[in-house]
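Trainee: Here you go, one structure.
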Amino acid sequence: MDAIIRHGRVEDVEALLAFWRIAAEGTDRHDDSAKVGALLEHDPEAVLIAEVDGEMAGTLIAGWDGWRAHLYRLAVDPARRRQGIGTALLRAAEERFAAFGAFRADAMVLLDNELAHHVWGAAGYVSQPQWSRWVKPLM
C-alpha cells in the first residue's frame, strides 16, 4: 500500500461528503458543504486525506483547539481496509499533534462499531468507560 497523506482543500468538500457516505459509520450526521468548507477554510491541515493511485482511500480529522487533540472521521474505503491506510492516517495525525505539544489524543468512536474498536485498540488507544459524551443539539 503506497498511500500519500495530504491535507484537505476546499475543492475536496464534495468528494469528502461522498466518501463519508460510503466509508464512515453512523448516519445521524448533519454534514453539508458549508460546514465542511468552513472546517477546511479554518484549519485545512486538520483534514487528512489518504490517496492511493490518485483516489481518496481514507480520511481523518485531526482537530487541535489549542489545548486538546481530537480525532474524528477515521474512515477507510471498505475495499481498501486492512492495508495500513488507517494506521498511516493516525500516524500523520499524531505527528501533527506532537508538533503542537499535545500530550494526549482522544477519538470519537461509536460504541457499536466493533470493527473500529479493533483499529483504535491496535493503534494504542483505550476506551475510558468512566467518561461519557454529553450532547445538546444547537440547531
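Following the order of the C-alpha cells, first chain is A, next is B, and so on, with residues numbered from 1 inside each chain and ligands from 1 in the order they appear.
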Using DSSP on the backbone, list every residue of segment 61-95 of chain A that comes out as strand (DSSP E), and give them as an MDAnalysis selection string.
Mentor: chainID A and resid 61:64 69:76
Trainee: I'd like the neighbourhood of Arg104 of chain A as a ChimeraX atom specification, where a residue qualifies if any of its atoms comes within 8 Å (using only C-alpha atoms), though same-chain residues fewer than 2 positions away should be ignored.
Mentor: /A:68-69,102,106
Trainee: Go ahead and dump the residues you just picked, N, CA, C and O atoms, as a short mmCIF file (atom, residue, chain, number, x, y, z; two decimals), in the first residue's frame.
Mentor:
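Dumped everything to selection-v8.cif:
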```cif
data_model
loop_
_atom_site.label_atom_id
_atom_site.label_comp_id
_atom_site.auth_asym_id
_atom_site.auth_seq_id
_atom_site.Cartn_x
_atom_site.Cartn_y
_atom_site.Cartn_z
N ARG A 68 -6.48 20.64 23.43
CA ARG A 68 -6.70 19.20 23.30
C ARG A 68 -6.62 18.76 21.84
O ARG A 68 -6.91 19.52 20.93
N ALA A 69 -6.27 17.50 21.67
CA ALA A 69 -6.17 16.89 20.35
C ALA A 69 -7.34 15.92 20.17
O ALA A 69 -7.50 15.00 20.96
N ALA A 102 0.91 18.49 22.11
CA ALA A 102 -0.20 17.76 22.73
C ALA A 102 0.34 16.54 23.49
O ALA A 102 1.27 15.89 23.04
N ASP A 106 -7.73 12.19 21.82
CA ASP A 106 -8.94 11.41 22.06
C ASP A 106 -9.69 11.23 20.74
O ASP A 106 -9.54 12.02 19.82
#
```
Trainee: If we count only C-alpha atoms and set the cut-off at 12 Å, which residues sit around Val119 of chain A, ignoring sequence neighbours fewer than 5 positions away in its own chain? Please answer as a JSON list (two decimals) with C-alpha atoms, in the first residue's frame.
Mentor:
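To be explicit, this is the file written out as around19.json:
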```json
[["chain", "number", "residue", "atom", "x", "y", "z"],
["A", 74, "LEU", "CA", -11.34, 7.88, 10.62],
["A", 75, "ALA", "CA", -12.83, 6.34, 7.51],
["A", 76, "VAL", "CA", -11.24, 3.95, 5.04],
["A", 81, "ARG", "CA", -9.34, -1.78, 4.62],
["A", 82, "ARG", "CA", -6.61, -3.75, 6.39],
["A", 83, "GLN", "CA", -3.93, -2.27, 4.11],
["A", 84, "GLY", "CA", -2.40, 0.18, 6.59],
["A", 85, "ILE", "CA", -4.29, 3.27, 5.45],
["A", 86, "GLY", "CA", -5.90, 3.92, 8.84],
["A", 87, "THR", "CA", -2.55, 3.42, 10.55],
["A", 88, "ALA", "CA", -0.87, 5.89, 8.19],
["A", 89, "LEU", "CA", -3.60, 8.48, 8.85],
["A", 90, "LEU", "CA", -3.30, 8.04, 12.61],
["A", 107, "ALA", "CA", -11.15, 9.82, 19.45],
["A", 109, "VAL", "CA", -15.78, 6.17, 18.20],
["A", 113, "ASN", "CA", -18.68, -0.01, 15.73],
["A", 114, "GLU", "CA", -16.76, -3.13, 16.73],
["A", 124, "GLY", "CA", -2.72, 2.03, 21.25],
["A", 125, "TYR", "CA", -5.95, 3.85, 22.12],
["A", 126, "VAL", "CA", -8.08, 2.64, 25.02]]
```
Trainee: Can you work out the spacing between atom CA of Ala99 of chain A and atom CA of Trp131 of chain A in Å, to one decimal?
Mentor: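 According to the coordinates, atom CA of Ala99 of chain A and atom CA of Trp131 of chain A are separated by 27.0 Å.
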Trainee: Please indicate the distance in Å from atom CA of Ala46 of chain A to atom CA of Gly63 of chain A, rounded to one decimal place.
Mentor: 5.3 Å
Trainee: Applying 9 Å and only C-alpha atoms, which residues near Ile49 of chain A remain after dropping the ones on its own chain fewer than 4 positions away? List them as a PyMOL selection string.
Mentor: chain A and resi 4-8+16+56-61+89
Trainee: Find the residues around His30 of chain A up to 12 Å (only C-alpha atoms counted), leave out those fewer than 3 positions away in its own chain, and share them as a count of residues only.
Mentor: 12
Trainee: List the neighbours of Val10 of chain A out to 7 Å using only C-alpha atoms; skip same-chain residues closer than 5 positions along the sequence, and give me the result as a list in words.
Mentor: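 These residues fall inside the cut-off: Gly37, Leu40 and Glu41 of chain A.
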Trainee: Residues at most 9 Å from Ala62 of chain A, counting only C-alpha atoms, excluding those fewer than 3 positions away in the same chain, as a ChimeraX atom specification?
Mentor: /A:45-48,69-73,90,92-94,96-97
Trainee: Distance atom CA of Glu95 of chain A-atom CA of Pro129 of chain A, one decimal place?
Mentor: 26.4 Å
Trainee: List every residue of chain A that DSSP, applied to the backbone of this structure, places in helix (DSSP H, G or I), and write the result as a VMD selection string.
Mentor: chain A and resid 10 to 23 33 to 42 44 to 46 78 to 80 85 to 100 114 to 122
